[in-house]
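**Q** Sharing my_file.txt here; it has compact mmCIF, C-alpha atoms and all ligand atoms.
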# COMPACT_ATOMS: atom_id res chain seq x y z
CA MET A 1 -12.55 -22.42 22.04
CA LEU A 2 -10.47 -25.65 22.01
CA GLU A 3 -7.34 -23.48 21.87
CA SER A 4 -8.03 -22.25 25.40
CA LEU A 5 -7.05 -25.74 26.63
CA ILE A 6 -3.46 -25.18 25.52
CA GLU A 7 -3.32 -21.45 26.18
CA SER A 8 -0.33 -21.67 28.52
CA GLY A 9 1.74 -23.22 25.71
CA GLY A 10 3.49 -25.48 28.24
CA VAL A 11 3.12 -29.11 29.27
CA ARG A 12 0.06 -29.58 31.47
CA HIS A 13 -0.35 -32.28 34.13
CA ASP A 14 -3.69 -31.06 35.45
CA TRP A 15 -6.01 -32.30 32.69
CA THR A 16 -9.55 -33.08 33.80
CA CYS A 17 -11.72 -35.91 32.45
CA GLU A 18 -14.09 -33.28 31.12
CA GLU A 19 -11.34 -31.57 29.14
CA ALA A 20 -10.11 -34.87 27.69
CA ARG A 21 -13.67 -35.83 26.73
CA THR A 22 -14.26 -32.41 25.14
CA LEU A 23 -11.13 -32.75 23.04
CA ILE A 24 -11.77 -36.28 21.82
CA ALA A 25 -15.37 -35.43 20.83
CA ALA A 26 -14.62 -32.09 19.15
CA PRO A 27 -15.53 -31.51 15.50
CA PHE A 28 -12.97 -33.58 13.55
CA GLY A 29 -11.44 -30.61 11.71
CA ASP A 30 -11.02 -28.56 14.90
CA LEU A 31 -9.36 -31.46 16.70
CA MET A 32 -7.01 -32.16 13.80
CA GLN A 33 -6.07 -28.51 13.41
CA LEU A 34 -5.15 -28.20 17.07
CA ALA A 35 -3.21 -31.49 17.03
CA GLN A 36 -1.24 -30.29 13.98
CA MET A 37 -0.48 -26.99 15.65
CA VAL A 38 0.80 -28.69 18.81
CA HIS A 39 2.76 -31.30 16.84
CA ARG A 40 4.54 -28.69 14.70
CA ARG A 41 5.33 -26.59 17.76
CA HIS A 42 7.42 -29.41 19.26
CA PHE A 43 8.49 -31.70 16.40
CA ASP A 44 9.53 -31.75 12.76
CA ALA A 45 6.25 -33.05 11.29
CA GLY A 46 8.14 -34.75 8.45
CA GLU A 47 9.97 -37.14 10.78
CA VAL A 48 8.79 -40.50 12.10
CA GLN A 49 10.80 -42.54 14.61
CA ILE A 50 11.21 -46.21 13.75
CA SER A 51 11.29 -48.98 16.35
CA THR A 52 11.59 -52.73 15.91
CA LEU A 53 9.98 -55.39 18.08
CA LEU A 54 11.26 -58.82 18.99
CA ASN A 55 9.34 -61.38 20.99
CA ILE A 56 12.14 -62.82 23.16
CA LYS A 57 9.76 -65.13 25.05
CA THR A 58 6.63 -66.29 23.26
CA GLY A 59 3.41 -67.63 24.80
CA GLY A 60 2.51 -69.45 28.00
CA CYS A 61 1.69 -66.27 29.94
CA PRO A 62 -0.31 -66.83 33.16
CA GLU A 63 -2.19 -63.50 32.85
CA ASP A 64 -5.66 -63.45 31.27
CA CYS A 65 -5.58 -60.25 29.15
CA ALA A 66 -8.61 -60.66 26.89
CA TYR A 67 -6.85 -59.29 23.80
CA CYS A 68 -3.69 -61.35 24.03
CA SER A 69 -2.69 -64.31 21.87
CA GLN A 70 -0.04 -65.36 24.40
CA SER A 71 -2.20 -66.02 27.47
CA VAL A 72 -2.51 -69.64 28.65
CA HIS A 73 -6.18 -68.88 29.30
CA HIS A 74 -7.00 -68.68 25.58
CA LYS A 75 -6.69 -71.29 22.80
CA THR A 76 -5.00 -69.28 20.07
CA GLY A 77 -2.50 -71.77 18.71
CA VAL A 78 0.45 -69.74 20.04
CA GLY A 79 2.60 -72.25 21.91
CA ALA A 80 4.84 -71.54 24.90
CA GLU A 81 8.48 -71.20 23.95
CA ARG A 82 11.63 -70.70 26.00
CA LEU A 83 13.47 -67.43 26.39
CA MET A 84 15.58 -66.78 23.27
CA SER A 85 19.37 -67.00 23.49
CA VAL A 86 21.43 -63.83 23.80
CA ASP A 87 23.14 -64.65 20.48
CA ALA A 88 19.85 -64.95 18.62
CA VAL A 89 18.64 -61.64 20.07
CA ARG A 90 21.90 -59.95 19.07
CA ALA A 91 21.57 -61.26 15.50
CA ALA A 92 17.99 -59.93 15.25
CA ALA A 93 19.11 -56.54 16.57
CA VAL A 94 21.89 -56.33 13.96
CA ARG A 95 19.30 -57.00 11.21
CA ALA A 96 16.97 -54.33 12.65
CA ARG A 97 19.78 -51.77 12.87
CA ASP A 98 20.86 -52.48 9.30
CA ALA A 99 17.24 -51.98 8.20
CA GLY A 100 17.22 -48.50 9.77
CA ALA A 101 15.64 -49.02 13.20
CA THR A 102 16.96 -46.76 15.96
CA ARG A 103 15.19 -48.46 18.86
CA PHE A 104 14.96 -52.17 19.60
CA CYS A 105 12.15 -53.36 21.85
CA MET A 106 12.24 -56.81 23.47
CA GLY A 107 8.93 -58.28 24.63
CA ALA A 108 8.32 -61.23 26.93
CA ALA A 109 5.04 -63.03 27.65
CA TRP A 110 5.47 -62.95 31.41
CA ARG A 111 3.41 -61.65 34.32
CA GLY A 112 6.81 -60.33 35.31
CA PRO A 113 10.41 -61.53 35.03
CA HIS A 114 11.57 -64.32 37.38
CA ARG A 115 14.85 -63.71 39.15
CA ARG A 116 16.52 -66.44 37.08
CA ASP A 117 15.60 -64.64 33.82
CA MET A 118 17.02 -61.27 34.82
CA ASP A 119 20.66 -62.11 34.06
CA SER A 120 19.90 -63.19 30.48
CA VAL A 121 17.65 -60.19 29.83
CA CYS A 122 20.29 -57.81 31.20
CA GLU A 123 22.88 -59.41 28.92
CA MET A 124 20.55 -58.92 25.93
CA ILE A 125 20.07 -55.26 26.82
CA ALA A 126 23.83 -54.68 27.08
CA GLU A 127 24.43 -56.41 23.70
CA VAL A 128 21.77 -54.36 21.89
CA ARG A 129 23.09 -51.15 23.43
CA SER A 130 26.61 -51.99 22.28
CA LEU A 131 25.24 -52.00 18.71
CA GLY A 132 24.40 -48.32 19.09
CA MET A 133 20.63 -48.68 19.33
CA GLU A 134 18.27 -47.44 22.01
CA THR A 135 16.97 -50.32 24.10
CA CYS A 136 13.40 -50.97 25.21
CA ALA A 137 11.92 -53.93 27.09
CA THR A 138 8.41 -55.00 28.00
CA LEU A 139 8.53 -57.77 30.58
CA GLY A 140 5.38 -57.22 32.67
CA LEU A 141 5.19 -56.21 36.34
CA LEU A 142 8.48 -55.41 38.08
CA GLU A 143 9.39 -56.17 41.69
CA ASP A 144 11.69 -54.28 44.03
CA GLY A 145 15.14 -53.79 42.56
CA GLN A 146 14.36 -55.14 39.06
CA ALA A 147 13.98 -51.72 37.43
CA GLU A 148 17.37 -50.73 38.88
CA GLN A 149 18.94 -53.91 37.49
CA LEU A 150 17.55 -53.14 34.03
CA LYS A 151 18.77 -49.55 34.23
CA ALA A 152 22.27 -50.72 35.19
CA ALA A 153 22.29 -53.04 32.16
CA GLY A 154 21.66 -50.04 29.90
CA LEU A 155 17.89 -50.05 29.41
CA ASP A 156 16.65 -46.77 27.89
CA TYR A 157 12.87 -47.39 27.82
CA TYR A 158 10.42 -49.70 29.57
CA ASN A 159 7.07 -50.38 27.88
CA HIS A 160 4.19 -51.05 30.24
CA ASN A 161 0.73 -50.13 28.95
CA ILE A 162 -2.31 -49.22 31.04
CA ASP A 163 -4.25 -50.56 28.03
CA THR A 164 -7.63 -48.91 28.73
CA SER A 165 -9.50 -46.73 31.23
CA GLU A 166 -9.56 -47.71 34.89
CA ALA A 167 -13.35 -48.20 34.59
CA HIS A 168 -13.02 -50.64 31.67
CA TYR A 169 -9.92 -52.45 32.98
CA GLY A 170 -11.78 -55.16 34.91
CA LYS A 171 -13.56 -56.24 31.70
CA ILE A 172 -10.21 -56.86 30.02
CA VAL A 173 -7.90 -58.32 32.70
CA THR A 174 -8.77 -60.01 36.00
CA THR A 175 -5.36 -61.35 37.07
CA ARG A 176 -4.02 -57.91 38.05
CA ASP A 177 -5.32 -54.43 38.85
CA PHE A 178 -4.95 -51.10 37.13
CA SER A 179 -3.03 -49.97 40.22
CA ASP A 180 -0.47 -52.81 39.75
CA ARG A 181 0.37 -51.29 36.37
CA LEU A 182 0.74 -47.81 37.88
CA ASP A 183 3.04 -49.23 40.60
CA THR A 184 5.41 -50.69 38.01
CA LEU A 185 5.35 -47.43 36.04
CA ALA A 186 6.41 -45.59 39.20
CA ARG A 187 9.26 -48.07 39.79
CA VAL A 188 10.48 -47.58 36.22
CA ARG A 189 10.37 -43.81 36.59
CA ALA A 190 12.14 -43.90 39.95
CA ALA A 191 14.96 -46.00 38.44
CA GLY A 192 15.56 -43.30 35.83
CA ILE A 193 14.32 -45.33 32.85
CA ASN A 194 12.22 -43.59 30.19
CA VAL A 195 8.57 -44.63 30.27
CA CYS A 196 6.70 -46.01 27.25
CA CYS A 197 3.05 -46.34 28.17
CA GLY A 198 -0.15 -46.31 26.17
CA GLY A 199 -3.06 -48.56 25.41
CA ILE A 200 -5.38 -50.29 22.99
CA VAL A 201 -8.51 -48.95 21.30
CA GLY A 202 -11.33 -51.09 19.95
CA MET A 203 -11.84 -53.39 22.95
CA GLY A 204 -15.53 -52.50 23.41
CA GLU A 205 -14.76 -49.34 25.40
CA ASP A 206 -16.50 -46.09 24.58
CA ARG A 207 -15.07 -42.74 23.62
CA GLU A 208 -15.15 -41.54 27.24
CA ASP A 209 -12.99 -44.54 28.25
CA ARG A 210 -10.45 -43.60 25.60
CA ALA A 211 -10.43 -40.01 26.91
CA ASP A 212 -10.09 -41.22 30.52
CA MET A 213 -7.19 -43.52 29.61
CA LEU A 214 -5.35 -40.54 28.06
CA ARG A 215 -6.19 -38.43 31.08
CA THR A 216 -4.50 -41.01 33.37
CA LEU A 217 -1.36 -40.85 31.21
CA ALA A 218 -1.36 -37.07 30.93
CA THR A 219 -1.74 -36.54 34.69
CA LEU A 220 1.22 -38.72 35.65
CA PRO A 221 3.89 -36.64 37.43
CA GLN A 222 5.93 -36.88 34.22
CA HIS A 223 4.35 -37.74 30.86
CA PRO A 224 5.52 -41.02 29.32
CA GLU A 225 8.28 -40.27 26.80
CA SER A 226 6.52 -42.66 24.37
CA VAL A 227 2.79 -43.27 24.10
CA PRO A 228 1.93 -46.30 21.96
CA ILE A 229 -1.64 -46.37 20.70
CA ASN A 230 -2.62 -49.84 19.49
CA MET A 231 -5.72 -50.71 17.50
CA LEU A 232 -6.97 -54.09 18.73
CA VAL A 233 -5.76 -56.97 16.57
CA ALA A 234 -8.68 -59.37 17.09
CA VAL A 235 -6.93 -62.71 17.52
CA PRO A 236 -9.01 -65.89 16.94
CA GLY A 237 -9.35 -67.85 20.19
CA THR A 238 -9.22 -64.78 22.45
CA PRO A 239 -12.38 -63.48 24.17
CA LEU A 240 -12.18 -60.39 21.90
CA ALA A 241 -11.95 -62.42 18.67
CA ASP A 242 -15.38 -61.28 17.46
CA MET A 243 -15.13 -57.66 18.52
CA PRO A 244 -16.35 -55.54 15.58
CA PRO A 245 -13.56 -53.29 14.26
CA LEU A 246 -13.55 -49.80 15.73
CA ASP A 247 -14.25 -46.89 13.35
CA GLU A 248 -10.77 -45.83 12.21
CA LEU A 249 -11.59 -42.17 12.82
CA GLU A 250 -11.91 -43.00 16.53
CA LEU A 251 -8.30 -44.19 16.46
CA VAL A 252 -7.34 -40.93 14.74
CA ARG A 253 -9.24 -38.93 17.39
CA THR A 254 -7.43 -40.83 20.15
CA ILE A 255 -4.04 -40.07 18.61
CA ALA A 256 -4.89 -36.38 18.12
CA THR A 257 -6.05 -36.10 21.74
CA ALA A 258 -2.87 -37.83 22.98
CA ARG A 259 -0.77 -35.40 20.92
CA ILE A 260 -2.53 -32.36 22.39
CA MET A 261 -2.48 -33.59 26.00
CA MET A 262 1.14 -34.87 25.91
CA PRO A 263 2.75 -32.43 23.46
CA ARG A 264 6.38 -33.49 23.92
CA SER A 265 5.83 -37.27 23.92
CA MET A 266 6.45 -39.53 20.98
CA VAL A 267 3.04 -40.92 19.99
CA ARG A 268 3.41 -44.34 18.40
CA LEU A 269 0.90 -45.72 15.91
CA SER A 270 1.45 -49.30 17.07
CA ALA A 271 -0.57 -52.48 16.40
CA GLY A 272 -3.29 -52.41 13.75
CA ARG A 273 -1.54 -50.64 10.85
CA LEU A 274 -2.09 -53.59 8.54
CA GLU A 275 -5.80 -53.59 9.33
CA ILE A 276 -6.39 -49.84 8.79
CA GLY A 277 -4.48 -49.35 5.54
CA PRO A 278 -2.51 -46.38 4.16
CA ALA A 279 -5.17 -43.63 4.10
CA ALA A 280 -6.07 -44.04 7.76
CA GLN A 281 -2.37 -44.25 8.65
CA ALA A 282 -1.85 -40.92 6.86
CA LEU A 283 -4.58 -39.39 9.04
CA CYS A 284 -2.85 -40.79 12.14
CA PHE A 285 0.40 -39.06 11.12
CA LEU A 286 -1.55 -35.83 10.52
CA ALA A 287 -3.06 -36.25 13.99
CA GLY A 288 0.45 -36.21 15.46
CA ALA A 289 1.62 -39.82 15.49
CA ASN A 290 5.39 -39.72 14.98
CA SER A 291 6.58 -43.26 15.61
CA ILE A 292 5.87 -46.75 14.25
CA PHE A 293 7.03 -50.33 14.58
CA SER A 294 8.76 -51.55 11.44
CA GLY A 295 9.13 -55.21 10.48
CA ASN A 296 6.84 -57.94 9.16
CA MET A 297 5.85 -59.12 12.61
CA LEU A 298 4.72 -57.43 15.80
CA LEU A 299 4.89 -60.00 18.63
CA THR A 300 2.69 -62.78 17.23
CA THR A 301 0.69 -60.97 14.53
CA PRO A 302 1.70 -59.50 11.15
CA ASN A 303 2.70 -55.89 10.50
CA PRO A 304 3.04 -54.16 7.09
CA ASP A 305 6.09 -55.14 5.04
CA PRO A 306 8.91 -52.57 5.37
CA SER A 307 8.72 -52.01 1.58
CA GLU A 308 5.09 -50.87 1.99
CA ASP A 309 6.14 -48.50 4.75
CA HIS A 310 8.89 -47.13 2.54
CA GLU A 311 6.34 -46.49 -0.22
CA LEU A 312 3.92 -44.82 2.21
CA PHE A 313 6.71 -42.57 3.54
CA GLN A 314 7.51 -41.59 -0.08
CA ARG A 315 3.86 -40.81 -0.81
CA LEU A 316 3.54 -38.69 2.33
CA GLY A 317 6.98 -37.06 2.24
CA LEU A 318 7.94 -38.57 5.60
CA ARG A 319 11.48 -39.43 6.72
CA PRO A 320 12.87 -41.74 9.41
CA MET A 321 13.81 -39.73 12.50
CA PRO A 322 17.50 -39.69 13.44
CA PRO A 323 18.09 -41.22 16.93
CA ASP A 324 18.88 -38.01 18.79
CA ALA A 325 15.80 -36.17 17.45
CA ALA A 326 13.42 -38.34 19.46
CA THR A 327 13.47 -35.81 22.28
CA ALA A 328 10.97 -33.00 21.79
CA SER A 329 12.25 -29.46 21.72
N1 LIG B 1 3.63 -59.22 29.11
C1 LIG B 1 4.02 -57.86 29.06
C2 LIG B 1 2.91 -56.90 29.40
O1 LIG B 1 1.76 -57.28 29.38
O2 LIG B 1 3.22 -55.75 29.70
C3 LIG B 1 4.65 -57.47 27.73
C4 LIG B 1 4.06 -57.91 26.42
S1 LIG B 1 2.41 -57.35 26.06
C5 LIG B 1 2.04 -58.36 24.69
C6 LIG B 1 2.63 -55.69 25.45
C7 LIG B 1 1.41 -54.91 25.00
O3 LIG B 1 1.02 -55.29 23.69
C8 LIG B 1 0.13 -55.04 25.80
O4 LIG B 1 0.12 -54.28 26.96
C9 LIG B 1 -0.91 -54.52 24.81
O5 LIG B 1 -1.09 -53.13 24.97
C10 LIG B 1 -0.29 -54.84 23.45
N2 LIG B 1 -1.05 -55.90 22.76
C11 LIG B 1 -0.99 -57.21 23.04
N3 LIG B 1 -1.83 -57.92 22.25
C12 LIG B 1 -2.47 -57.01 21.47
C13 LIG B 1 -3.47 -57.12 20.47
N4 LIG B 1 -4.02 -58.29 20.14
N5 LIG B 1 -3.89 -56.00 19.86
C14 LIG B 1 -3.35 -54.81 20.20
N6 LIG B 1 -2.41 -54.64 21.14
C15 LIG B 1 -1.97 -55.72 21.78
C1 LIG B 2 2.83 -51.90 22.29
O1 LIG B 2 2.17 -50.99 22.79
N1 LIG B 2 2.48 -52.61 21.23
C2 LIG B 2 3.44 -53.65 20.92
C3 LIG B 2 4.55 -53.37 21.97
N2 LIG B 2 4.00 -52.31 22.76
C4 LIG B 2 5.08 -54.45 22.80
C5 LIG B 2 2.87 -55.00 20.90
C6 LIG B 2 1.73 -55.17 19.92
C7 LIG B 2 1.29 -56.59 19.93
C8 LIG B 2 0.22 -56.88 18.94
C9 LIG B 2 -0.27 -58.27 19.01
C10 LIG B 2 0.73 -59.34 18.74
O2 LIG B 2 1.51 -59.25 17.78
O3 LIG B 2 0.70 -60.35 19.45
FE1 LIG B 3 0.73 -61.87 29.31
FE2 LIG B 3 1.38 -59.42 28.49
FE3 LIG B 3 -0.22 -61.04 27.00
FE4 LIG B 3 -1.15 -60.02 29.25
S1 LIG B 3 -0.49 -58.84 27.44
S2 LIG B 3 -1.36 -62.17 28.58
S3 LIG B 3 0.66 -60.00 30.54
S4 LIG B 3 1.91 -61.36 27.47
Go ahead and render the structure in this file as structure tokens.
**A**
Amino acid sequence: MLESLIESGGVRHDWTCEEARTLIAAPFGDLMQLAQMVHRRHFDAGEVQISTLLNIKTGGCPEDCAYCSQSVHHKTGVGAERLMSVDAVRAAAVRARDAGATRFCMGAAWRGPHRRDMDSVCEMIAEVRSLGMETCATLGLLEDGQAEQLKAAGLDYYNHNIDTSEAHYGKIVTTRDFSDRLDTLARVRAAGINVCCGGIVGMGEDREDRADMLRTLATLPQHPESVPINMLVAVPGTPLADMPPLDELELVRTIATARIMMPRSMVRLSAGRLEIGPAAQALCFLAGANSIFSGNMLLTTPNPDPSEDHELFQRLGLRPMPPDAATAS
């Protein structure tokens, strides 16, 4: 019965909320079986793409995202720092490349980049690219012309998450709208940059919100090439500090549903791996996740040690994905 949703075998852009909600709520075994089938149709299920994150501008962000440690609206102990130097970014990228990462993602705690920052960021992108890695940046909302500037500098991917469903968005952020995020995503796409867009689970939303968030992504004119699914890291001092942890199987269901609805996208098991532990991570890979962030730190919170990831890959028979395989067949 679930199989009828993927009968055409192709990539669908006409998903309905009802279909997304049916998938995410299906009996666990049925959902997992379908996700596995779709995953194996398009990818080598033994391969996981490895990205590295670097916070190039920490803290002091004027936005009020309820989950974020870097907002000036919350007292989290994360101070505002200046934009890193190009040399320091280059050195971090060399370390990431030598540790096996194929994509280097630079994050900045901005509402969006100021004009004066664009030259430095473009220089960073060109440096990282010259090291032979794919480049990714997450800098917030983009204005006219900025996506084109980033593209010209050699940017491969832009990360810009919709974070949650449109209905739940106003409970999480008040300093911008859901539609502002979609506008930037359209600018990125129009500039010819690959789109990395996903969200966070465990922010007090319900299962239907998670389905609706995926439906928004899967009905974009082109699916995001990467879909990061983050489990909320409840940061002390943020409004979501006391949010009870979401059942891990709900994260697994979200990943499986993303895999089925966006069959050719890379689905990244992003923040929250430290919190869920190895067994739940294994289920996420079975559900069709095929990308992770490697390195002890995400932006401001810890991530599993690379040696633990290596051990988990050994236990599960997983291998790092070579750079050119990150395009689904
Ligand atoms: N300021 C830019 C923006 O908002 O797009 C870029 C950096 S922002 C920190 C990147 C993404 O990280 C957010 O959209 C959110 O999905 C994720 N994120 C931030 N804090 C998180 C947390 N505590 N737990 C899980 N995901 C988080
Ligand atoms: C994404 O979806 N997750 C990453 C990356 N894109 C930029 C960020 C996770 C941040 C987790 C909280 C922190 O370390 O501050
Ligand atoms: Fe700023 Fe991004 Fe954090 Fe929101 S998620 S407060 S925009 S750094």
**Q** Around ligand LIG 1 (chain B), out to 9 Å and counting only C-alpha atoms and all ligand atoms, which residues are there? I want them as a VMD selection string.
**A** chain A and resid 55 61 63 65 to 70 106 to 112 137 to 141 159 to 164 181 197 to 203 228 to 235 238 240 270 to 272 298 to 301
**Q** One number please: CA of Ser71 in chain A to atom C4 of ligand LIG 2 (chain B), in Å, one decimal.
**A**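 About the pair CA of Ser71 in chain A and atom C4 of ligand LIG 2 (chain B): they are 14.4 Å apart.
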**Q** Could you tell me how far CA of Phe285 in chain A sits from CA of His13 in chain A, in Å to one decimal place?
**A**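 These two atoms are separated by 24.0 Å.
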**Q** When distances are computed from all atoms listed in the file, which of A:Ile260, A:Cys105, A:Val128, A:Leu283 shows the smallest separation from ligand LIG 2 (chain B)?
**A** A:Cys105
**Q** Point out the residue among A:Ala282, A:Glu205, A:Pro27, A:Met262 with the least atom-to-atom distance to Met243 in chain A, counting only C-alpha atoms.
**A**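 Residue with the minimum atom-to-atom distance to Met243 in chain A: A:Glu205.
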**Q** I need the residue nearest Ile24 in chain A from this list: A:Arg273, A:Arg264, A:Arg210, A:Lys57. Use all atoms listed in the file for the distance.
**A**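 When distances to Ile24 in chain A are compared using all atoms listed in the file, the smallest one comes from A:Arg210.
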**Q** Any idea what's packed within 10 Å of Leu5 in chain A, counting all atoms listed in the file, ignoring anything in its chain fewer than 2 positions away? Could you give it as a list in words?
**A**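 After dropping sequence-adjacent residues, the list is Met1, Leu2, Glu3, Glu7, Ser8, Gly9, Arg12, Trp15, Glu19, Ala20, Thr22, Leu23, Ile260 and Met261 of chain A.
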**Q** Between CA of Ile255 in chain A and CA of Ala280 in chain A, what is the spacing in Å?
**A** 11.7 Å
**Q** Considering all atoms listed in the file, can you say which of A:Val89, A:Ala211, A:Val252, A:Tyr157 comes closest to ligand LIG 2 (chain B)?
**A**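 The answer is A:Tyr157, which sits nearest to ligand LIG 2 (chain B).
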**Q** Check the smallest atom-to-atom distance from each of A:Gly79, A:Pro224, A:Gly317, A:Gly204 to Leu286 in chain A using all atoms listed in the file, then report the winner.
**A**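 Answer, going by the shortest atom-to-atom distance: A:Gly317.
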**Q** For Ile276 in chain A, work out the shell of residues within 10 Å, counting only C-alpha atoms and skipping chain neighbours fewer than 5 positions away, then give it as a list in words.
**A**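 In the requested form, the answer reads Met231, Pro245, Leu246, Asp247, Glu248, Leu251, Ala271 and Gln281 of chain A.
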**Q** Produce a file of the selected residues containing C-alpha atoms, as an mmCIF file, in the coordinates of the input.
**A**
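For reference, again-v2.cif as written:
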data_model
loop_
_atom_site.group_PDB
_atom_site.id
_atom_site.type_symbol
_atom_site.label_atom_id
_atom_site.label_comp_id
_atom_site.auth_asym_id
_atom_site.auth_seq_id
_atom_site.Cartn_x
_atom_site.Cartn_y
_atom_site.Cartn_z
ATOM 1 C CA MET A 231 -5.720 -50.710 17.500
ATOM 2 C CA PRO A 245 -13.560 -53.290 14.260
ATOM 3 C CA LEU A 246 -13.550 -49.800 15.730
ATOM 4 C CA ASP A 247 -14.250 -46.890 13.350
ATOM 5 C CA GLU A 248 -10.770 -45.830 12.210
ATOM 6 C CA LEU A 251 -8.300 -44.190 16.460
ATOM 7 C CA ALA A 271 -0.570 -52.480 16.400
ATOM 8 C CA GLN A 281 -2.370 -44.250 8.650
#
**Q** Taking (7.2, -44.8, 37.0) in the file's own coordinates, collect the residues within 9 Å, counting all atoms listed in the file, and hand them back as a PyMOL selection string.
**A** chain A and resi 182-195+220-222+224
**Q** Given all atoms listed in the file as the basis, pick out the residue of A:Ser130, A:Ala153, A:Val48, A:Met213 nearest to Cys17 in chain A.
**A**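 Using all atoms listed in the file, Cys17 in chain A sits closest to A:Met213.
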**Q** Residues within 12 Å of Gln36 in chain A, please, as a count of residues only. Count all atoms listed in the file; anything in the same chain fewer than 2 positions from it doesn't count.
**A** 30
**Q** Using only C-alpha atoms, collect all residues at a distance of at most 12 Å from (15.6, -59.9, 21.0) as written in the file, then present them as number ranges by chain.
**A** A: 52-58, 83-96, 103-108, 120-129, 135-138, 299
**Q** Ligand LIG 3 (chain B), all listed atoms, 4 Å padding on each side: what axis-aligned box centre and edge lengths in Å to one decimal come out, as AutoDock Vina command-line options?
**A**
--center_x 0.3 --center_y -60.5 --center_z 28.8 --size_x 11.3 --size_y 11.3 --size_z 11.5
